[in-house]
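What follows is data06.txt (compact mmCIF, C-alpha atoms).
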# COMPACT_ATOMS: atom_id res chain seq x y z
CA MET D 11 104.94 144.07 58.77
CA GLN D 12 102.57 146.47 60.48
CA THR D 13 104.12 149.40 58.64
CA ILE D 14 103.65 147.69 55.28
CA ASN D 15 100.02 146.98 56.16
CA SER D 16 99.44 150.63 57.00
CA ILE D 17 101.11 151.80 53.79
CA LEU D 18 99.02 149.42 51.67
CA ALA D 19 95.88 150.54 53.50
CA ILE D 20 96.60 154.18 52.65
CA PHE D 21 97.30 153.30 49.00
CA TYR D 22 94.02 151.43 48.76
CA ARG D 23 92.12 154.29 50.35
CA GLU D 24 93.71 156.88 48.04
CA TYR D 25 92.79 154.73 45.07
CA LYS D 26 89.15 154.49 46.19
CA ILE D 27 88.81 158.19 46.97
CA THR D 28 90.39 159.23 43.68
CA PHE D 29 88.13 156.99 41.64
CA ARG D 30 85.03 158.20 43.48
CA ASN D 31 86.21 161.70 42.48
CA PHE D 32 87.16 160.75 38.96
CA ASN D 33 85.81 164.01 37.56
CA ASP D 34 88.78 165.78 39.22
CA ILE D 35 91.23 163.98 36.95
CA PHE D 36 88.93 164.33 33.99
CA THR D 37 88.62 168.10 34.50
CA ILE D 38 92.40 168.50 34.58
CA LEU D 39 92.78 166.52 31.35
CA VAL D 40 90.07 168.60 29.67
CA PHE D 41 91.83 171.75 30.87
CA PHE D 42 95.03 170.54 29.23
CA LEU D 43 93.38 169.77 25.89
CA LEU D 44 91.35 172.99 25.86
CA GLY D 45 94.48 174.99 26.61
CA ILE D 46 96.19 173.45 23.59
CA LEU D 47 93.17 174.26 21.42
CA ILE D 48 93.16 177.85 22.64
CA PHE D 49 96.82 178.19 21.66
CA VAL D 50 95.93 176.88 18.21
CA PHE D 51 93.04 179.32 17.85
CA SER D 52 94.97 182.31 19.11
CA ILE D 53 98.07 181.75 16.96
CA GLY D 54 96.23 180.74 13.81
CA PRO D 55 96.90 178.04 11.22
CA ASN D 56 100.57 178.72 10.64
CA LYS D 57 102.41 175.42 10.48
CA GLU D 58 105.90 176.91 10.64
CA ILE D 59 105.33 178.67 13.95
CA PHE D 60 103.94 175.50 15.48
CA ASN D 61 107.02 173.55 14.42
CA TYR D 62 109.01 175.80 16.73
CA ILE D 63 106.71 176.17 19.70
CA SER D 64 104.51 173.05 19.89
CA ILE D 65 106.63 171.20 22.50
CA GLY D 66 106.84 174.37 24.55
CA ILE D 67 103.06 174.70 24.50
CA ILE D 68 102.63 171.15 25.74
CA TRP D 69 105.05 171.66 28.63
CA THR D 70 103.56 175.02 29.60
CA LEU D 71 100.13 173.45 29.82
CA LEU D 72 101.46 170.46 31.74
CA LEU D 73 102.83 172.91 34.27
CA LEU D 74 99.54 174.78 34.49
CA SER D 75 97.59 171.52 34.86
CA THR D 76 99.87 170.51 37.70
CA ASN D 77 98.95 173.75 39.44
CA LEU D 78 95.33 172.60 39.48
CA SER D 79 96.15 169.51 41.53
CA ILE D 80 98.19 171.21 44.29
CA ASN D 81 95.21 171.50 46.58
CA LYS D 82 94.50 167.80 46.25
CA PHE D 83 97.89 167.00 47.71
CA TYR D 84 97.74 167.45 51.46
CA LYS D 85 95.05 170.00 52.17
CA ASN D 86 92.08 167.64 52.59
CA ASP D 87 93.96 165.15 54.71
CA PHE D 88 95.44 167.97 56.74
CA LYS D 89 92.09 169.66 57.42
CA ASP D 90 90.25 166.55 58.57
CA GLY D 91 93.13 165.29 60.70
CA ASN D 92 94.03 162.27 58.60
CA ILE D 93 97.70 163.22 58.54
CA ILE D 94 97.71 163.05 62.35
CA LEU D 95 96.03 159.67 62.06
CA PHE D 96 98.68 158.36 59.66
CA TYR D 97 101.36 159.75 61.93
CA MET D 98 99.90 158.05 64.99
CA SER D 99 99.73 154.75 63.15
CA GLY D 100 103.53 154.78 63.28
CA LEU D 101 104.42 156.19 59.86
CA SER D 102 106.87 159.06 59.72
CA PHE D 103 105.97 162.20 57.80
CA GLU D 104 108.58 161.33 55.17
CA VAL D 105 106.86 158.02 54.42
CA ILE D 106 103.49 159.76 54.23
CA VAL D 107 104.95 162.22 51.71
CA LEU D 108 106.38 159.36 49.64
CA ILE D 109 103.01 157.59 49.58
CA LYS D 110 101.32 160.80 48.50
CA LEU D 111 103.97 161.39 45.82
CA ILE D 112 103.41 157.97 44.30
CA THR D 113 99.62 158.15 44.36
CA MET D 114 99.55 161.67 42.98
CA TRP D 115 101.97 160.77 40.21
CA VAL D 116 99.96 157.70 39.23
CA PHE D 117 96.55 159.39 39.36
CA PHE D 118 97.27 162.93 38.24
CA GLN D 119 100.31 162.63 35.91
CA LEU D 120 100.15 159.20 34.33
CA PRO D 121 96.81 159.88 32.52
CA PHE D 122 98.71 162.48 30.49
CA VAL D 123 100.57 159.64 28.76
CA ILE D 124 97.36 159.05 26.83
CA ILE D 125 96.47 162.72 26.36
CA ILE D 126 99.90 164.01 25.24
CA PRO D 127 99.92 162.01 21.96
CA ILE D 128 96.43 163.32 21.18
CA ALA D 129 97.57 166.87 21.87
CA SER D 130 100.70 166.25 19.78
CA LEU D 131 98.52 165.16 16.85
CA ILE D 132 96.49 168.35 17.18
CA LEU D 133 99.75 170.33 17.01
CA ASP D 134 101.05 168.18 14.13
CA ILE D 135 104.27 166.92 15.76
CA ASP D 136 106.34 164.14 14.14
CA THR D 137 105.97 160.61 15.50
CA GLU D 138 109.63 160.48 16.53
CA LYS D 139 109.30 163.65 18.52
CA ILE D 140 106.09 162.40 20.14
CA LEU D 141 107.86 159.29 21.41
CA LEU D 142 110.84 161.28 22.64
CA ASN D 143 108.50 163.76 24.33
CA LEU D 144 106.66 160.92 26.10
CA TYR D 145 109.99 159.58 27.30
CA VAL D 146 110.96 163.01 28.60
CA PHE D 147 107.53 163.33 30.19
CA LEU D 148 108.01 160.11 32.15
CA ILE D 149 111.22 161.57 33.60
CA GLY D 150 109.90 165.09 34.03
CA SER D 151 106.46 164.41 35.51
CA PRO D 152 107.78 163.05 38.86
CA ILE D 153 109.67 166.35 39.14
CA LEU D 154 106.39 168.23 38.60
CA THR D 155 104.72 166.09 41.27
CA SER D 156 107.59 166.79 43.69
CA LEU D 157 107.25 170.50 43.06
CA ALA D 158 103.51 170.30 43.68
CA SER D 159 104.22 168.40 46.90
CA ILE D 160 106.67 171.01 48.16
CA SER D 161 104.39 173.86 47.22
CA GLY D 162 101.28 172.15 48.61
CA SER D 163 102.91 171.42 51.95
CA MET D 164 104.27 174.95 52.21
CA ASN D 165 100.79 176.39 51.84
CA LEU D 166 98.84 174.19 54.25
CA LEU D 167 98.10 177.06 56.60
CA ASN D 168 97.59 179.55 53.82
CA ASN D 169 93.86 179.88 53.28
CA ARG D 170 93.80 183.22 51.55
CA ASN D 171 96.44 183.50 48.87
CA PHE D 172 95.95 180.66 46.42
CA ALA D 173 98.20 182.15 43.74
CA ILE D 174 101.39 181.98 45.78
CA SER D 175 101.46 178.17 45.66
CA SER D 176 101.30 178.28 41.85
CA ILE D 177 104.07 180.85 41.78
CA ILE D 178 106.34 178.59 43.87
CA ILE D 179 105.81 175.75 41.39
CA MET D 180 106.49 177.99 38.40
CA ILE D 181 109.74 179.39 39.79
CA LEU D 182 111.07 175.96 40.75
CA SER D 183 110.09 174.40 37.44
CA ILE D 184 112.18 176.71 35.24
CA PRO D 185 115.14 174.28 34.91
CA LEU D 186 112.76 171.41 34.20
CA ILE D 187 111.05 173.33 31.41
CA ILE D 188 114.37 174.46 29.88
CA PHE D 189 115.75 170.94 29.65
CA SER D 190 112.59 169.03 28.78
CA VAL D 191 111.73 171.35 25.91
CA GLY D 192 115.38 171.55 24.92
CA ILE D 193 115.80 167.81 24.61
CA VAL D 194 113.00 167.32 22.11
CA SER D 195 114.23 170.05 19.78
CA ALA D 196 117.96 169.33 20.27
CA THR D 197 120.27 167.80 17.67
CA PRO D 198 120.73 164.00 18.08
CA GLU D 199 124.17 164.16 19.73
CA LEU D 200 122.90 166.62 22.35
CA ILE D 201 119.89 164.54 23.41
CA GLU D 202 121.70 162.16 25.71
CA PRO D 203 123.65 164.67 27.83
CA GLN D 204 120.52 166.74 28.34
CA LEU D 205 118.55 163.64 29.31
CA ASN D 206 121.23 162.89 31.88
CA ILE D 207 120.88 166.36 33.35
CA LEU D 208 117.11 165.91 33.53
CA ILE D 209 117.51 162.57 35.30
CA GLY D 210 119.89 164.32 37.68
CA ILE D 211 117.24 166.93 38.46
CA LEU D 212 114.72 164.12 39.01
CA PHE D 213 116.95 162.38 41.56
CA LEU D 214 117.70 165.67 43.27
CA PHE D 215 114.00 166.37 43.75
CA LEU D 216 113.17 162.80 44.76
CA ALA D 217 115.85 163.13 47.42
CA ILE D 218 114.85 166.48 48.89
CA THR D 219 111.05 166.40 48.52
CA PRO D 220 110.25 163.94 51.35
CA TRP D 221 112.37 165.91 53.82
CA ALA D 222 111.21 169.32 52.66
CA SER D 223 107.51 168.42 52.60
CA ALA D 224 107.71 166.54 55.89
CA ALA D 225 109.32 169.55 57.56
CA CYS D 226 106.60 171.83 56.17
CA ILE D 227 103.83 169.50 57.37
CA LYS D 228 105.42 169.30 60.82
CA ILE D 229 105.59 173.08 61.08
CA SER D 230 101.99 173.41 59.92
CA LEU D 231 100.73 170.85 62.44
CA ARG D 232 102.45 172.71 65.24
CA ASN D 233 100.94 176.04 64.33
CA ILE D 234 97.23 175.33 64.31
CA MET Z 13 100.87 154.96 83.09
CA LEU Z 14 101.09 158.49 81.75
CA LEU Z 15 102.92 161.09 83.82
CA VAL Z 16 102.85 164.78 83.04
CA ASN Z 17 105.44 166.92 84.72
CA ASN Z 18 105.49 170.71 84.98
CA LEU Z 19 103.78 171.26 81.62
CA SER Z 20 103.33 174.73 80.21
CA PHE Z 21 102.35 175.96 76.78
CA ALA Z 22 102.62 179.34 75.13
CA ARG Z 23 101.25 180.55 71.85
CA ASN Z 24 102.62 183.78 70.38
CA ASP Z 25 104.41 184.48 73.68
CA LYS Z 26 101.09 184.33 75.51
CA GLU Z 27 101.12 181.66 78.15
CA ILE Z 28 98.00 179.49 78.00
CA PHE Z 29 98.62 177.27 81.01
CA LYS Z 30 101.59 176.48 83.24
CA ASP Z 31 102.81 174.20 86.04
CA LEU Z 32 100.44 171.41 85.06
CA ASP Z 33 101.23 168.11 86.80
CA PHE Z 34 99.10 165.02 86.78
CA SER Z 35 99.34 161.32 86.22
CA VAL Z 36 96.91 158.75 84.98
CA GLY Z 37 97.35 155.10 85.83
CA PRO Z 38 95.41 152.00 84.86
CA LYS Z 39 91.70 152.09 85.71
CA ARG Z 40 91.68 155.89 85.95
CA ILE Z 41 89.81 158.53 84.00
CA ILE Z 42 90.91 162.15 83.76
CA HIS Z 43 88.33 164.76 82.85
CA ILE Z 44 89.76 168.06 81.62
CA ALA Z 45 87.29 170.83 82.29
CA GLY Z 46 87.35 174.55 81.72
CA ARG Z 47 85.63 177.34 79.86
CA ASN Z 48 85.85 177.80 76.10
CA GLY Z 49 89.22 178.87 74.80
CA ILE Z 50 91.07 177.84 77.96
CA GLY Z 51 93.19 175.32 76.05
CA LYS Z 52 91.50 171.93 76.44
CA THR Z 53 92.05 170.91 72.82
CA THR Z 54 95.62 172.21 73.00
CA LEU Z 55 96.31 170.11 76.06
CA ILE Z 56 94.94 166.98 74.40
CA LYS Z 57 97.10 167.67 71.36
CA ILE Z 58 100.17 168.14 73.55
CA LEU Z 59 99.45 164.86 75.30
CA ALA Z 60 99.26 163.18 71.89
CA ASN Z 61 102.61 164.73 70.93
CA ILE Z 62 101.20 166.70 68.02
CA LEU Z 63 102.02 170.04 69.64
CA ILE Z 64 105.23 170.69 71.55
CA PRO Z 65 104.97 172.14 75.07
CA LYS Z 66 107.06 175.13 76.07
CA THR Z 67 108.38 173.42 79.16
CA GLY Z 68 107.73 170.12 80.85
CA GLU Z 69 107.99 166.46 80.00
CA ILE Z 70 105.56 163.65 79.41
CA TYR Z 71 106.46 160.13 80.46
CA TRP Z 72 104.83 156.94 79.26
CA ASN Z 73 105.56 153.87 81.40
CA GLY Z 74 108.56 155.64 82.89
CA LYS Z 75 110.15 156.62 79.59
CA ASN Z 76 110.20 160.05 78.05
CA VAL Z 77 107.64 160.11 75.26
CA LYS Z 78 109.85 162.13 72.92
CA LYS Z 79 112.38 159.33 72.75
CA ASN Z 80 109.81 156.54 72.59
CA LEU Z 81 107.25 158.00 70.25
CA ARG Z 82 106.50 154.75 68.43
CA ASP Z 83 105.89 152.89 71.65
CA PHE Z 84 103.56 155.64 72.84
CA PHE Z 85 101.65 155.75 69.57
CA LYS Z 86 101.26 151.97 69.66
CA ASN Z 87 99.40 152.34 72.93
CA SER Z 88 97.24 155.40 72.39
CA THR Z 89 94.18 156.42 70.43
CA LEU Z 90 93.42 160.05 69.69
CA ILE Z 91 89.88 161.17 68.86
CA MET Z 92 90.00 164.77 67.74
CA ASP Z 93 87.27 167.37 67.47
CA ILE Z 94 87.59 167.09 63.68
CA HIS Z 95 86.29 164.02 61.90
CA THR Z 96 88.77 161.82 60.13
CA SER Z 97 86.21 159.73 58.27
CA LYS Z 98 86.21 160.37 54.53
CA SER Z 99 82.91 161.49 53.06
CA GLU Z 100 83.59 159.63 49.78
CA LEU Z 101 83.81 156.25 51.49
CA THR Z 102 81.02 154.25 53.07
CA VAL Z 103 80.83 153.61 56.80
CA PHE Z 104 82.13 150.09 56.30
CA GLU Z 105 85.04 151.18 54.06
CA ASN Z 106 86.08 153.79 56.60
CA THR Z 107 86.20 151.28 59.41
CA ILE Z 108 88.02 148.72 57.29
CA PHE Z 109 90.62 151.38 56.45
CA TRP Z 110 91.18 152.11 60.14
CA LYS Z 111 91.36 148.41 60.85
CA ARG Z 112 94.12 147.97 58.26
CA LEU Z 113 95.93 151.19 59.13
CA PHE Z 114 96.30 150.17 62.76
CA SER Z 115 96.68 146.43 62.00
CA SER Z 116 93.83 145.72 64.36
CA LYS Z 117 92.74 142.17 65.08
CA ILE Z 118 89.06 143.05 65.35
CA LYS Z 119 86.78 140.61 63.51
CA GLN Z 120 84.21 141.38 60.84
CA THR Z 121 81.35 140.12 63.01
CA GLU Z 122 82.44 142.42 65.83
CA LEU Z 123 82.38 145.37 63.44
CA GLU Z 124 78.88 144.42 62.29
CA SER Z 125 77.64 144.22 65.86
CA ILE Z 126 79.14 147.66 66.58
CA PHE Z 127 77.22 149.08 63.62
CA LYS Z 128 74.05 147.44 64.93
CA ILE Z 129 74.51 148.84 68.44
CA LEU Z 130 75.24 152.33 67.11
CA SER Z 131 72.43 151.97 64.52
CA LEU Z 132 74.73 152.94 61.64
CA ASN Z 133 73.94 151.73 58.13
CA LYS Z 134 77.21 150.22 56.95
CA ASN Z 135 76.58 150.87 53.27
CA SER Z 136 75.70 154.55 53.46
CA LYS Z 137 78.37 157.04 52.51
CA ALA Z 138 79.91 158.99 55.36
CA GLY Z 139 79.06 162.20 53.51
CA PHE Z 140 75.34 161.50 53.95
CA LEU Z 141 75.52 160.91 57.71
CA SER Z 142 74.30 163.44 60.25
CA LYS Z 143 76.73 165.14 62.63
CA GLY Z 144 75.93 162.82 65.50
CA GLU Z 145 76.31 159.75 63.30
CA ILE Z 146 79.71 160.93 62.07
CA LYS Z 147 80.80 161.40 65.69
CA LYS Z 148 79.62 157.87 66.43
CA LEU Z 149 81.56 156.55 63.45
CA GLU Z 150 84.63 158.41 64.70
CA LEU Z 151 84.22 156.87 68.14
CA CYS Z 152 84.20 153.40 66.54
CA ARG Z 153 87.94 153.92 66.22
CA LEU Z 154 88.30 153.48 69.98
CA ILE Z 155 87.05 149.91 69.66
CA ILE Z 156 88.87 149.19 66.40
CA GLU Z 157 92.32 150.37 67.51
CA GLN Z 158 92.21 148.41 70.81
CA LYS Z 159 94.77 150.59 72.57
CA LYS Z 160 95.41 151.21 76.26
CA LEU Z 161 95.27 154.98 76.48
CA TRP Z 162 92.33 156.88 75.04
CA LEU Z 163 92.69 160.60 74.39
CA LEU Z 164 89.39 162.19 73.49
CA ASP Z 165 88.53 165.75 72.62
CA GLU Z 166 84.87 166.57 73.30
CA PRO Z 167 83.50 163.05 72.86
CA TYR Z 168 79.94 164.02 73.80
CA VAL Z 169 79.31 166.76 71.22
CA GLY Z 170 76.30 166.10 69.03
CA LEU Z 171 75.34 162.76 70.54
CA ASP Z 172 71.86 161.79 71.71
CA GLU Z 173 71.15 160.50 75.19
CA SER Z 174 71.27 156.80 74.42
CA SER Z 175 74.62 157.20 72.65
CA ILE Z 176 76.04 159.11 75.60
CA LYS Z 177 74.92 156.26 77.87
CA LEU Z 178 76.60 153.82 75.51
CA ILE Z 179 79.86 155.76 75.57
CA ASN Z 180 79.87 155.94 79.36
CA GLU Z 181 79.35 152.19 79.41
CA THR Z 182 82.25 151.73 76.99
CA PHE Z 183 84.44 153.93 79.19
CA ASN Z 184 83.55 151.83 82.22
CA ASN Z 185 84.34 148.64 80.34
CA HIS Z 186 87.65 150.06 79.20
CA ILE Z 187 88.85 151.03 82.64
CA GLU Z 188 87.81 147.65 83.96
CA ASN Z 189 90.26 146.19 81.44
CA GLU Z 190 93.16 148.22 82.87
CA GLY Z 191 92.63 151.04 80.37
CA MET Z 192 93.23 154.74 80.85
CA ILE Z 193 91.11 157.59 79.52
CA ILE Z 194 91.78 161.30 79.25
CA PHE Z 195 88.98 163.38 77.83
CA SER Z 196 88.01 167.00 77.65
CA SER Z 197 84.40 168.00 77.92
CA ASN Z 198 82.14 170.78 79.06
CA SER Z 199 79.47 168.45 80.40
CA GLN Z 200 79.86 166.68 83.73
CA PRO Z 201 79.47 162.96 83.09
CA GLN Z 202 79.10 160.64 86.07
CA LEU Z 203 81.85 158.05 85.76
CA LYS Z 204 83.63 156.05 88.38
CA ASN Z 205 87.37 156.45 89.06
CA MET Z 206 87.24 159.93 87.54
CA ASP Z 207 89.42 162.89 88.51
CA THR Z 208 88.66 166.32 87.14
CA ILE Z 209 91.33 168.85 86.20
CA HIS Z 210 90.06 172.40 86.10
CA LEU Z 211 92.31 174.15 83.64
CA GLU Z 212 91.31 177.55 85.07
CA ASN Z 213 93.52 176.77 88.08
CA TYR Z 214 96.56 176.60 85.82
CA ALA Z 215 95.75 179.46 83.49
CA ASN Z 216 98.01 182.45 83.53
CA ASN Z 217 95.98 185.55 84.22

What does this structure look like when you write it as structure tokens?
Amino acid sequence: MQTINSILAIFYREYKITFRNFNDIFTILVFFLLGILIFVFSIGPNKEIFNYISIGIIWTLLLLSTNLSINKFYKNDFKDGNIILFYMSGLSFEVIVLIKLITMWVFFQLPFVIIIPIASLILDIDTEKILLNLYVFLIGSPILTSLASISGSMNLLNNRNFAISSIIIMILSIPLIIFSVGIVSATPELIEPQLNILIGILFLFLAITPWASAACIKISLRNI
Amino acid sequence: MLLVNNLSFARNDKEIFKDLDFSVGPKRIIHIAGRNGIGKTTLIKILANILIPKTGEIYWNGKNVKKNLRDFFKNSTLIMDIHTSKSELTVFENTIFWKRLFSSKIKQTELESIFKILSLNKNSKAGFLSKGEIKKLELCRLIIEQKKLWLLDEPYVGLDESSIKLINETFNNHIENEGMIIFSSNSQPQLKNMDTIHLENYANN
């Protein structure tokens, strides 16, 4: 009972802090939309090219937007000792990571459900493909959050090289990008097997992220 | 009862202290003293099981802490030199969060009276507080968590005289209720039942 109370308390606090800092989310969404517009301006009004690459553009920018939220993951709570506080309240590091994963997915990935259709309209994608892409996004975005969690926890003690955390995300996200872009442009009979592979990747990352991130946080705590 | 046996700690192969033995029972206060950089904060962190010692064991009520971490955490409060209050939340929201996180049974009226005694405005954001006020807010956690063992790292930094008096009073009250306190500080507070550990005696030179 006490554990559930603590978990709910952390959820409530995360919700309050995120909404007091709402401009963080808003900035990331604006970054996403502006990135799409810059692609449009730089390639020019050629409808045929966009038919091929529009889904790829959306996923590339989703990946880049995820990079912007890495620092929000653990760094603040790590620096002001809140992770130690959570730990001393009886929660294991794995549970803390799971709580963070859920809050970060809800606050920093779910808003894209509204923005992706707008971006798709800018890129002139068919309605069917928009729906399929949203479906793929709902499976793929927890993977992005897991990657951000792993990368964020690996770089807790790294105060100098910001780029390396983005590079870790990009390398790990290659299979995700291949399949999520592939599904939307695949022929109908190939959609389902690829979706299954994507769901497999999702479960793989959901399984390893809590352990991996918890180990990284533990190592970081013992080296300051 | 906390028992520390043959504790030593090394960082990058450089030994910081060694052969540290002490125990703290109910109604006792331990004051860890020593010059800057001697390892006071490190020792407090080791006692709270955040850092791992190179050798030595810590026992809580006769059981090894490593195997009974939950039991130890249920009975101890750690106040660090960094401030865990969130600047986005108000004073009241911070305390309510701690209350829920540690499932404390403290009542709302008690919280309000604490704010009054510490002269904290409960509706002001923690980001707007001065350094001393943030330290006071942090020390509220001692009362909210209601644990037996208090581990404090530099509790007196940034506080004015009346607040220091108040803290000493709180310490006295706590040890009268069978509590135990371990704190590190550079000042020499006058408290009863206090033993001082000079870390210089254990440093490896």

Q: Please determine the contact residues of chain Z with respect to chain D at a cut-off of 6 Å, counting only C-alpha atoms, and supply them as a ChimeraX atom specification.
A: /Z:63,82,85,94-96,112-114

Q: Please provide the set of residues having any atom within 10 Å of Z:Ser35, restricted to only C-alpha atoms, with same-chain residues fewer than 4 positions apart removed, written as a list in words.
A: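 Listed by chain and then number, they are Met13, Leu14, Leu15, Val16, Asn17, Arg40, Ile42, Ile70, Tyr71 and Trp72 of chain Z.
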
Q: Taking the point (110.1, 162.3, 41.1) as given in the file, collect each protein or nucleic acid residue that comes within 6 Å of it, counting only C-alpha atoms, and present the set as a list of chain:residue names.
A: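 Protein and nucleic acid residues near the point are D:Pro152, D:Ile153, D:Ser156, D:Leu212, D:Leu216.
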
Which residues are near D:Phe117? Cut-off 8 Å, all atoms listed in the file, ignore same chain within fewer than 4 positions. Put them as a compact mmCIF listing (two decimals) with C-alpha atoms, keeping the file's coordinate frame.
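Output contents, as saved in out.txt:
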# COMPACT_ATOMS: atom_id res chain seq x y z
CA THR D 28 90.39 159.23 43.68
CA ILE D 35 91.23 163.98 36.95
CA THR D 113 99.62 158.15 44.36
CA PRO D 121 96.81 159.88 32.52

(Q) Would you compute the distance between atom CA of Z:Trp162 and atom CA of Z:Phe127? Give it in Å to one decimal. (A)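 Spanning atom CA of Z:Trp162 to atom CA of Z:Phe127 is a straight-line distance of 20.5 Å.
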
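The coordinates place atom CA of Z:Ala215 at 15.4 Å from atom CA of Z:Asn24.
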
Q. Need the neighbours of (89.4, 167.4, 68.4): which residues are at most 9 Å away, counting all atoms listed in the file, as number ranges by chain?
A. D: 91; Z: 53, 56-57, 90-95, 164-167

Q) What does the distance from atom CA of Z:Asn18 to atom CA of Z:Lys30 come to in Å, to one decimal? A)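 Interatomic distance, atom CA of Z:Asn18 to atom CA of Z:Lys30: 7.2 Å.
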
Q. With only C-alpha atoms as the atoms that count, which of D:Leu154, D:Ile149, D:Leu133, D:Leu142 lies nearest to D:Phe51?
A.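 Closest to D:Phe51 of all the choices is D:Leu133.
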
Q) From the set Z:Lys147, Z:Ile41, Z:Asp172, Z:Asn216, which residue has the shortest atom-to-atom contact distance to Z:Asp25, counting all atoms listed in the file? A) Z:Asn216

**Q.** Residue nearest Z:Ala138 - candidates Z:Ile108, Z:Leu101, Z:Arg153, Z:Phe21, atoms counted: all atoms listed in the file
**A.**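 Ranking Z:Ile108, Z:Leu101, Z:Arg153, Z:Phe21 by distance to Z:Ala138, first place goes to Z:Leu101.
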
Q: Find the residue from Z:Glu100, Z:Lys66, Z:Ser197, Z:Asn61 that sits nearest to Z:Lys78; use only C-alpha atoms when measuring.
A: Z:Asn61

Q) Hey, what's within 9 Å of Z:Glu145 if we count all atoms listed in the file and toss same-chain stuff fewer than 6 positions away? As JSON, numbers by chain, please? A) {"Z": [130, 131, 132, 138, 170, 171]}

Q: Compile the contact shell of D:Ile174 as a list in words: residues with an atom at most 12 Å away, counting only C-alpha atoms, same-chain residues fewer than 4 positions apart removed.
A: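 After dropping sequence-adjacent residues, the list is Asn77, Ile80, Ser161, Gly162, Met164, Asn165, Leu166, Asn168, Asn169, Arg170, Ile178, Ile179, Met180 and Ile181 of chain D.
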
Atoms to include: C-alpha atoms. Write the selected residues as a compact mmCIF listing (two decimals), in the frame of the given file.
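Done, and the output landed in out16.txt:
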# COMPACT_ATOMS: atom_id res chain seq x y z
CA ASN D 77 98.95 173.75 39.44
CA ILE D 80 98.19 171.21 44.29
CA SER D 161 104.39 173.86 47.22
CA GLY D 162 101.28 172.15 48.61
CA MET D 164 104.27 174.95 52.21
CA ASN D 165 100.79 176.39 51.84
CA LEU D 166 98.84 174.19 54.25
CA ASN D 168 97.59 179.55 53.82
CA ASN D 169 93.86 179.88 53.28
CA ARG D 170 93.80 183.22 51.55
CA ILE D 178 106.34 178.59 43.87
CA ILE D 179 105.81 175.75 41.39
CA MET D 180 106.49 177.99 38.40
CA ILE D 181 109.74 179.39 39.79

Please, could N, CA and C atoms be added to stretch 13-24 of chain Z and the result written as a compact mmCIF listing (two decimals), keeping the file's coordinate frame?
# COMPACT_ATOMS: atom_id res chain seq x y z
N MET Z 13 100.94 153.81 82.18
CA MET Z 13 100.87 154.96 83.09
C MET Z 13 101.45 156.19 82.41
N LEU Z 14 100.66 157.24 82.38
CA LEU Z 14 101.09 158.49 81.75
C LEU Z 14 101.36 159.51 82.85
N LEU Z 15 102.54 160.11 82.79
CA LEU Z 15 102.92 161.09 83.82
C LEU Z 15 103.24 162.41 83.14
N VAL Z 16 102.61 163.45 83.61
CA VAL Z 16 102.85 164.78 83.04
C VAL Z 16 103.50 165.64 84.10
N ASN Z 17 104.62 166.25 83.73
CA ASN Z 17 105.44 166.92 84.72
C ASN Z 17 105.68 168.38 84.32
N ASN Z 18 105.15 169.29 85.11
CA ASN Z 18 105.49 170.71 84.98
C ASN Z 18 105.22 171.25 83.57
N LEU Z 19 104.06 170.92 83.01
CA LEU Z 19 103.78 171.26 81.62
C LEU Z 19 103.32 172.71 81.50
N SER Z 20 103.87 173.40 80.51
CA SER Z 20 103.33 174.73 80.21
C SER Z 20 103.35 174.92 78.71
N PHE Z 21 102.46 175.75 78.23
CA PHE Z 21 102.35 175.96 76.78
C PHE Z 21 102.10 177.43 76.51
N ALA Z 22 102.81 177.94 75.50
CA ALA Z 22 102.62 179.34 75.13
C ALA Z 22 102.39 179.43 73.65
N ARG Z 23 101.51 180.32 73.27
CA ARG Z 23 101.25 180.55 71.85
C ARG Z 23 101.43 182.04 71.59
N ASN Z 24 102.28 182.37 70.66
CA ASN Z 24 102.62 183.78 70.38
C ASN Z 24 103.03 184.52 71.65
